[in-house]
Structure formats: C-alpha cells, structure tokens
Amino acid sequence: MMATGKSQRATADVVVVGGGIVGLATAMQLIQRHGALSVTVVEAESRVAGHQSGHNSGVLHSGIYYKPGSNKAKTCRAGKAAMEAFCDDSGIMWDRCGKVVVATSELELAGLNRIAENATANGVEFERIDTDQLRQLEPAAAGIAALHVPATGIVNYVDVCAAMHRWIVDHGGKVVLGFRVAKIHPTKRSIRVSSSLGSEMDCGRLINCAGLQSDRVLQLAGGQPSVRIVPFRGEYYELNQGRESLCRNLIYPVPDPAFPFLGVHFTRMIGGGVECGPNAVLALSRHGYDWKTMNPKDLAGTLLYPGFLRMAKTHWRMGVGEIHRSLRKTAFVRALQRLIPSVNAADLKPGRAGVRAQAVAPEGGLLDDFLIEPTEHAIHVLNAPSPAATASIAIADQIVDHFEAM
C-alpha cells in the first residue's frame, strides 16, 4: 500500500528526499546496511521515477567514456554489475546488447582514441573495428572507424524504480508520495520537514536526492549550494514501424569533450522500438518537457544566474544549434544522418522528452562528474547526470558511506 503526503505527521530516523532511482537506491542501501533504522522516502509526485529516472533512454552504460579516477568512472562499472544483479533478482528484463561508438570524420579520430584510452584505464572491454566490421554489426551505420563495446546494455528504469519501491516497503521502509518539500527546519534534536500540504515529518538525518530540485532543497535546509541546477531538455524521435532495422542495438557518435552530453544517437529500447536523440536545449521550467511549459521562477533563476550567463557567452553557438534542431525536424534529421545516412524525415515520429538536472558552477562550467556534499545533519546529491541510473546502487553506497561518517 502506498502512503500519501496529505495530512500526515510522522517520524523517521532518516528521510530521503526524492523518489528517483538514486533516492530509492539510497533507501535500499540504508536498509540493507542499517536494518534497525527507520527509513522514509518522500516524493513530490504521485509516483516514483516521475522525472529524470522515468524519462531517460534506458541504457546500462559500460563506463567507457569517463575520465579515469572520476566518480563516474569509479561507480559506473560497479553500479552496472549491481543493477544487472538487482534486475535478475527482481525479474526485470534487460539485455547486454552492446553498442558502437562511431567516428564519422578524420577530426573525430582523436576523440575516438581518447575514449579508447579511458576505456583501457577504466577496465572496460572494447574492440577497435574498421568500416567492414562496423557494417557487420550495424549495416546502416556509416563511419571511418568505431569502437565496439559489448558490455553496454538496455533496461527500463521505470520498472527498476517500481521494483526498488516494492523492495523498500517489503523490507520495512516507507515511500510517501505527494509530499512536496516546502520547509526544512533543523531543531536541536531533529530535522522537521514540512510538505506544501502541511504534513510534517521529523527525522534525525536527511538525504537530499531531489534531482531537479536538489539545490533548492539544500537552500531550504539552510545551506548555500556551490552550484545551480540548470534544466536542459532532451527531445527524441522514434523510428517508425518497419524502419527499426536501421539500428540493431545502440549507435553513438564521438561526443564533444567540451560538454557533458553524448550527442544524438540511436538506442534500441528493451520494450521494442528505436529512439533517436536527444538534443539538449534550455528548458523553460525544471519540469519543462516541451516549449509550451514555462515556469517564471525557474526561468528567472536560470537567466539571472551569473554561471549560466557565463556559460551562454562561451557556448552560445552550440545553444543556437540545439534550438535549431529542436524547432526544425530537418536539422535533427541531418544530425542523425551523420551516423545513418539512409534515415530520412519520413522514417521518424515524435517521441518523448526528458529534462536533465545539470549543475552549473558560478564561473560557467558545466559539472561533468557526480557531486555529493555532506553538511552537519544532511547529505546533498547536487549533480547526478548520466550514467547515474546505471551507477545508482554504487552511488547509494557512497552516500551511505558519508552517512556513516557523520
């Protein structure tokens, strides 16, 4: 049975704010390692995985891209193994299908070499392949060189989050839905968390896994975040029925190292079909899944933030290009044709969109790595972009390590 956030007064040893995959995994790890603690997850929406965790492409990342020694590199492989084991234990369908990372020009070969070096340092299995081998794996793909990464997989993270929700409840934890955090008031003995509906919950420790709202939750708790969340919307198309054969598994470009985005790509989905995308445009709301959804507070918070202004000044050409691809299907198709030249506009239908919580530093840098900041009575996860879903159980282990050190 689901608990709801209306007119409820309760206590818990630990409150986890955010019912996305990182928050749910953190609650699971807390219960596994500290079974005597009472753990409650509070989630603003009427279901878990309502935002980032339920609007991603469902990839089980191998860890090939990430800078050696980074938190992403440390957690991705361990998290992937733990996620696969959890899926097996929970009866969730997943597939280790492999992917190719394709260089389409001489200019991209240096980037492909850099990815190969990272893969070697991170212990990720890969094979450098030529054009003939690429065509054997992905007959429709075009490129002058590629890396084949057999460990990459696919899964439905909505199913994963639903299973985590069940696990938490089955093991004595609670998940309270419809609890939108409005106030956080530390007292001498506890932290009082109040919802927008007037419910209150007292806890000994708080763990902030609020994703798109994580910097605001830190502010509510009396802290000053070192970064600001800027929402970027990723828009997808899907291949029409009968054209899914253009992509057998996953086809990725060589990403631009200046940005923490992987570029438009083709992804076979575990439930069927193939997604194409995403782009990355500034969202007008932290829940802005289309151009029509605008939140004045969110937009003003972005446009008046010095870090965003510095970022925009540096990368405005990239931003204009992303907006162009968002508003003109033909431009989006041209980006896809770099990987699969035979794809055309008639092959595509509109797909879903997701909003990424991207942490931006005051000097204008886009944070590429995970960011976890402990305070006196709380732990705040302030940047958890891809591959956070893949790595979520390993990230949760790190969060619980911080908890134990408090």
# chains A, B, ... in the order shown; residues from 1 in each chain; ligands from 1
$ residues_around --residues "segment 376-392 of chain A" --least-positions-apart "4" --cutoff "8 Å" --atoms "only C-alpha atoms" --output "PyMOL selection string"
chain A and resi 21-22+25+53+59-61+72+75-80+83+157+204-211+214-215+218+227+229+356-359+367+369-372+396+399+402-403+406
$ closest_atom_pairs --of "segment 122-213 of chain A" --to "segment 332-348 of chain A" --cutoff "6 Å" --atoms "only C-alpha atoms" --output "JSON lines"
{"residue": "A:Ala140", "atom": "CA", "partner": "A:Ile340", "partner_atom": "CA", "distance": 5.7}
{"residue": "A:Ala141", "atom": "CA", "partner": "A:Ile340", "partner_atom": "CA", "distance": 4.7}
{"residue": "A:Ala142", "atom": "CA", "partner": "A:Leu339", "partner_atom": "CA", "distance": 5.5}
$ residues_around --residues "Ile31 of chain A" --least-positions-apart "5" --cutoff "12 Å" --atoms "only C-alpha atoms" --output "list in words"
Asp13, Val14, Val16, Leu24, Ala25, Thr26, Ala36, Leu37, Ser38, Val39, Thr40, Val41, Met164, Trp167, Ile168, Val169, Asp170, His171, Gly172, Gly173, Lys174, Ala396, Asp397 and Val400 of chain A
$ write_last_selection --atoms "N, CA and C atoms" --output "short mmCIF file (atom, residue, chain, number, x, y, z; two decimals), in the first residue's frame"
data_model
loop_
_atom_site.label_atom_id
_atom_site.label_comp_id
_atom_site.auth_asym_id
_atom_site.auth_seq_id
_atom_site.Cartn_x
_atom_site.Cartn_y
_atom_site.Cartn_z
N ASP A 13 14.09 7.82 11.30
CA ASP A 13 15.50 8.07 11.58
C ASP A 13 16.14 8.81 10.42
N VAL A 14 15.77 8.42 9.21
CA VAL A 14 16.33 9.05 8.00
C VAL A 14 15.20 9.33 7.02
N VAL A 16 14.76 10.42 3.08
CA VAL A 16 15.39 10.61 1.77
C VAL A 16 14.43 11.43 0.93
N LEU A 24 15.82 6.12 -4.28
CA LEU A 24 15.33 4.78 -3.96
C LEU A 24 16.49 3.83 -3.67
N ALA A 25 17.54 3.90 -4.48
CA ALA A 25 18.70 3.04 -4.25
C ALA A 25 19.35 3.36 -2.91
N THR A 26 19.38 4.65 -2.56
CA THR A 26 19.96 5.05 -1.27
C THR A 26 19.14 4.49 -0.11
N ALA A 36 18.14 -1.59 11.46
CA ALA A 36 17.41 -1.10 12.63
C ALA A 36 16.88 0.31 12.44
N LEU A 37 17.38 1.03 11.44
CA LEU A 37 16.93 2.39 11.20
C LEU A 37 15.58 2.40 10.50
N SER A 38 14.77 3.40 10.85
CA SER A 38 13.54 3.62 10.09
C SER A 38 13.86 4.61 8.96
N VAL A 39 13.50 4.22 7.74
CA VAL A 39 13.87 5.00 6.55
C VAL A 39 12.59 5.34 5.78
N THR A 40 12.42 6.61 5.45
CA THR A 40 11.26 7.05 4.67
C THR A 40 11.73 7.87 3.48
N VAL A 41 11.22 7.52 2.31
CA VAL A 41 11.45 8.31 1.10
C VAL A 41 10.23 9.20 0.90
N MET A 164 12.35 -1.24 -6.92
CA MET A 164 13.01 -0.68 -5.73
C MET A 164 11.97 -0.20 -4.71
N TRP A 167 10.69 -3.18 -2.96
CA TRP A 167 11.70 -3.73 -2.07
C TRP A 167 11.75 -2.93 -0.77
N ILE A 168 11.74 -1.62 -0.87
CA ILE A 168 11.81 -0.77 0.32
C ILE A 168 10.64 -1.06 1.25
N VAL A 169 9.44 -1.10 0.71
CA VAL A 169 8.25 -1.34 1.53
C VAL A 169 8.28 -2.75 2.12
N ASP A 170 8.70 -3.73 1.30
CA ASP A 170 8.75 -5.11 1.78
C ASP A 170 9.76 -5.30 2.91
N HIS A 171 10.77 -4.42 2.97
CA HIS A 171 11.82 -4.55 3.98
C HIS A 171 11.68 -3.50 5.09
N GLY A 172 10.48 -2.99 5.28
CA GLY A 172 10.20 -2.15 6.43
C GLY A 172 10.33 -0.66 6.25
N GLY A 173 10.74 -0.21 5.06
CA GLY A 173 10.82 1.22 4.80
C GLY A 173 9.49 1.78 4.33
N LYS A 174 9.45 3.08 4.13
CA LYS A 174 8.24 3.74 3.66
C LYS A 174 8.56 4.63 2.46
N ALA A 396 24.66 5.08 -4.27
CA ALA A 396 24.00 4.92 -2.97
C ALA A 396 24.97 4.40 -1.92
N ASP A 397 25.86 3.50 -2.31
CA ASP A 397 26.88 3.01 -1.37
C ASP A 397 27.75 4.16 -0.88
N VAL A 400 25.78 6.27 1.62
CA VAL A 400 25.70 5.64 2.93
C VAL A 400 27.05 5.69 3.63
#
$ select_by_dssp --residues "segment 1-234 of chain A" --states "helix (DSSP H, G or I)" --output "PyMOL selection string"
chain A and resi 21-33+52-54+71-90+106-122+131-137+157-170+211-220
$ closest_residue --among "A:Arg310, A:Arg352, A:Lys188, A:His165" --to "Ala49 of chain A" --atoms "only C-alpha atoms"
A:His165
$ closest_residue --among "A:Val181, A:Val102, A:Ala81, A:Ala146" --to "Gly18 of chain A" --atoms "only C-alpha atoms"
A:Val181
$ closest_residue --among "A:Leu30, A:Ile154, A:Leu177, A:Ile270" --to "Glu404 of chain A" --atoms "only C-alpha atoms"
A:Leu30
$ residues_around --residues "Gly50 of chain A" --least-positions-apart "4" --cutoff "10 Å" --atoms "only C-alpha atoms" --output "list in words"
Gly18, Gly19, Gly20, Glu43, Ala44, Glu45, Ser46, Gly54, His55, Val158 and Cys161 of chain A
$ write_last_selection --atoms "N, CA, C and O atoms" --output "PDB file, in the first residue's frame"
ATOM      1  N   GLY A  18      13.251  12.586  -2.479  1.00  0.00           N
ATOM      2  CA  GLY A  18      13.369  12.269  -3.900  1.00  0.00           C
ATOM      3  C   GLY A  18      13.169  10.801  -4.190  1.00  0.00           C
ATOM      4  O   GLY A  18      13.956   9.966  -3.742  1.00  0.00           O
ATOM      5  N   GLY A  19      12.106  10.495  -4.930  1.00  0.00           N
ATOM      6  CA  GLY A  19      11.801   9.117  -5.288  1.00  0.00           C
ATOM      7  C   GLY A  19      12.245   8.754  -6.683  1.00  0.00           C
ATOM      8  O   GLY A  19      11.575   7.972  -7.378  1.00  0.00           O
ATOM      9  N   GLY A  20      13.376   9.314  -7.104  1.00  0.00           N
ATOM     10  CA  GLY A  20      14.015   8.858  -8.326  1.00  0.00           C
ATOM     11  C   GLY A  20      14.926   7.676  -8.016  1.00  0.00           C
ATOM     12  O   GLY A  20      14.997   7.192  -6.874  1.00  0.00           O
ATOM     13  N   GLU A  43       8.443  11.794  -1.834  1.00  0.00           N
ATOM     14  CA  GLU A  43       8.462  12.106  -3.260  1.00  0.00           C
ATOM     15  C   GLU A  43       7.327  13.074  -3.577  1.00  0.00           C
ATOM     16  O   GLU A  43       6.185  12.863  -3.171  1.00  0.00           O
ATOM     17  N   ALA A  44       7.656  14.149  -4.298  1.00  0.00           N
ATOM     18  CA  ALA A  44       6.674  15.193  -4.588  1.00  0.00           C
ATOM     19  C   ALA A  44       5.564  14.718  -5.515  1.00  0.00           C
ATOM     20  O   ALA A  44       4.411  15.149  -5.385  1.00  0.00           O
ATOM     21  N   GLU A  45       5.881  13.841  -6.441  1.00  0.00           N
ATOM     22  CA  GLU A  45       4.899  13.417  -7.435  1.00  0.00           C
ATOM     23  C   GLU A  45       4.051  12.262  -6.903  1.00  0.00           C
ATOM     24  O   GLU A  45       4.293  11.725  -5.829  1.00  0.00           O
ATOM     25  N   SER A  46       3.071  11.860  -7.703  1.00  0.00           N
ATOM     26  CA  SER A  46       2.154  10.796  -7.307  1.00  0.00           C
ATOM     27  C   SER A  46       2.704   9.408  -7.591  1.00  0.00           C
ATOM     28  O   SER A  46       2.033   8.404  -7.325  1.00  0.00           O
ATOM     29  N   GLY A  54      12.463   8.427 -15.005  1.00  0.00           N
ATOM     30  CA  GLY A  54      11.443   7.859 -15.870  1.00  0.00           C
ATOM     31  C   GLY A  54      11.433   8.423 -17.268  1.00  0.00           C
ATOM     32  O   GLY A  54      10.549   8.109 -18.058  1.00  0.00           O
ATOM     33  N   HIS A  55      12.433   9.266 -17.589  1.00  0.00           N
ATOM     34  CA  HIS A  55      12.459   9.908 -18.906  1.00  0.00           C
ATOM     35  C   HIS A  55      13.844   9.791 -19.547  1.00  0.00           C
ATOM     36  O   HIS A  55      14.292  10.700 -20.232  1.00  0.00           O
ATOM     37  N   VAL A 158      11.977   2.714 -15.343  1.00  0.00           N
ATOM     38  CA  VAL A 158      10.708   2.836 -14.632  1.00  0.00           C
ATOM     39  C   VAL A 158      10.394   1.524 -13.922  1.00  0.00           C
ATOM     40  O   VAL A 158       9.965   1.507 -12.756  1.00  0.00           O
ATOM     41  N   CYS A 161      12.715   1.249 -10.898  1.00  0.00           N
ATOM     42  CA  CYS A 161      12.287   2.078  -9.764  1.00  0.00           C
ATOM     43  C   CYS A 161      11.059   1.485  -9.082  1.00  0.00           C
ATOM     44  O   CYS A 161      10.942   1.532  -7.840  1.00  0.00           O
TER      45      CYS A 161
END
$ select_by_dssp --residues "segment 342-391 of chain A" --states "strand (DSSP E)" --output "number ranges by chain"
A: 348-360, 371-374, 378-383
$ residues_around --residues "Ala300 of chain A" --least-positions-apart "6" --cutoff "12 Å" --atoms "only C-alpha atoms" --output "list in words"
Val230, Ala283, Leu284, Ser285, Arg286, Met294, Pro306, Phe308 and Leu309 of chain A
$ write_last_selection --atoms "N, CA, C and O atoms" --output "compact mmCIF listing (two decimals), in the first residue's frame"
# COMPACT_ATOMS: atom_id res chain seq x y z
N VAL A 230 20.56 23.90 -13.70
CA VAL A 230 20.01 24.47 -14.93
C VAL A 230 19.37 23.32 -15.70
O VAL A 230 20.04 22.32 -15.99
N ALA A 283 15.58 24.24 -20.96
CA ALA A 283 14.16 24.10 -20.64
C ALA A 283 13.68 25.36 -19.92
O ALA A 283 14.41 25.95 -19.12
N LEU A 284 12.45 25.76 -20.21
CA LEU A 284 11.88 26.98 -19.63
C LEU A 284 11.28 26.73 -18.25
O LEU A 284 10.77 27.65 -17.63
N SER A 285 11.34 25.51 -17.82
CA SER A 285 10.88 25.10 -16.49
C SER A 285 11.70 23.89 -16.08
O SER A 285 12.18 23.14 -16.94
N ARG A 286 11.86 23.68 -14.79
CA ARG A 286 12.56 22.48 -14.34
C ARG A 286 11.74 21.22 -14.64
O ARG A 286 12.29 20.12 -14.57
N MET A 294 6.34 26.71 -19.25
CA MET A 294 7.27 27.73 -18.76
C MET A 294 6.92 28.07 -17.32
O MET A 294 5.77 28.29 -16.97
N PRO A 306 24.62 34.16 -12.70
CA PRO A 306 25.87 34.53 -13.38
C PRO A 306 26.55 33.34 -14.05
O PRO A 306 27.15 33.49 -15.13
N PHE A 308 25.16 30.74 -15.48
CA PHE A 308 24.51 30.48 -16.77
C PHE A 308 24.91 31.52 -17.80
O PHE A 308 25.18 31.19 -18.97
N LEU A 309 24.94 32.79 -17.41
CA LEU A 309 25.30 33.84 -18.35
C LEU A 309 26.71 33.64 -18.88
O LEU A 309 26.98 33.84 -20.08
$ closest_residue --among "A:Val360, A:Val193, A:Ala10, A:Val355" --to "Thr293 of chain A" --atoms "only C-alpha atoms"
A:Val355
$ closest_residue --among "A:Thr152, A:Thr131, A:Asn71, A:Gln136" --to "Trp94 of chain A" --atoms "only C-alpha atoms"
A:Thr152
